[in-house]
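Trainee: Dumping the structure here so I can ask a few things about it.
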Amino acid sequence: MCEKCNLFYCGDCTLSSNGRCPACDKALISPEAVLMGMSPEDMYRNQDTPTSYQAINSLYLEPVRTIRRLMQNASLFTGVVNITIVYTIITLVRLAVVFALLVFVVPMTSGGAGLQSVSAGLSQLSSTSFIVSFLVSAFLWYGVFVISWLVQSLILFAPAKLLGGKSTFAQQACLLSYAMLAVLPIFVFSLALIVIPYGIGIPLAFLGNAVAFIYALLLTILIIKEINEFGKFTTVLSFFISFFITVVLSTMIWSIIFLYTIITIAGKLLPLSI
């Protein structure tokens with residue numbers, strides 16, 4: 001039933017409207033919950049939280065209902081777990097790319113091939129210096145990854161809250177981590193397409209990355225809409241404010257990095273010119 005319109009809908013209508021009133025777009029509530037004095041949040045909260053694998057599959061098939069279910073059990077701890085999974089997979093992919101470069105690309109440029117190149121690549125990967133540098137780098141980048149996730153969550157949360165959103169920071173951060181989990185397989189698959197020969201792999205990989213980017217945007221917009229109970233206009237407005245803040249901050253950061261690099265290079269070349 002719709003508490004605002006006092007209208008009742010059958011199961012088919014509820015499924016076709018994604019659990020919202022076709023008249024006013026308010027979230028529907030089951031008559032049993034009304035009789036028992038339970039809110040939709042309480043009904044979802046009594047259900048077990050789906051695993052990360054289940055959440056990813058559900059986000060592909062039923063994103064709106066999955067977001068509504070996940071938001072009732074959202075926590076920063078779950079978000080950190082999801083982010084750790086994402087970072088671990090990215091790190092393993094990064095290690096695989098390094099291995100592929102050592103085994104295939106470097107030997108081709110130096111004239112080596114076969115089992116010798118594989119053995120040489122494995123020996124370089126197993127060296128103490130490489131393991132130490134890789135672990136230190138992975139640890140530092142993990143901290144940067146977590147901080148970036150929290151900052152992006154705050155950028156999405158603050159404008160929505162100013163526009164009257166009902167979400168919490170934990171909900172925004174946790175749902176964003178689930179969105180990153182859902183996009184990750186598409187991104188990894190896109191990278192794998194690069195190995196396709198005859199110049200086909202790179203365009204396919206670019207197309208796959210574009211699909212991942214669009215899917216990430218759609219998930220982000222749905223998350224903003226559902227956890228804040230926004231209408232379409234307010235959802236789009238909140239998203240574009242967050243997007244604008246992200247672009248401005250990214251531009252500032254990359255400008256600082258660029259200027260620092262230029263100053264460093266100029267400082268090294270200046271004594272030579274003198």
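Naming works like this for the structure tokens: A, B, ... for the chains as they're shown, residue 1 at the start of each chain, ligands 1 onward in shown order.
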Would you list the contacts of A:Val64 as a ChimeraX atom specification, taking every protein, DNA or RNA residue within 8 Å and counting only C-alpha atoms, but skipping same-chain residues closer than 2 positions in sequence?

Mentor: /A:18,59,62,66-68,222,226

Trainee: I'd like the interatomic distance between atom CA of A:Ile241 and atom CA of A:Ser153, to a tenth of an Å.

Mentor: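 Atom-to-atom, atom CA of A:Ile241 and atom CA of A:Ser153 are spaced 13.2 Å apart.
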
Trainee: Within 8 Å of stretch 178-184 of chain A, counting only C-alpha atoms, which residues show up once you throw out same-chain ones fewer than 2 positions away? Write them as a list in words, please.

Mentor: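 So, after excluding close chain neighbours, the residues are Ser52, Ala55, Ile56, Asn57, Leu59, Tyr60, Gly79, Asn82, Ile83, Ile85, Val86, Cys174, Leu175, Leu176, Ile186, Phe187, Val188, Ala212, Tyr215, Ala216, Leu219 and Thr220 of chain A.
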
Trainee: For the atom pair atom CA of A:Leu218 and atom CA of A:Phe157, what is the interatomic distance in Å to one decimal place?

Mentor: 16.4 Å
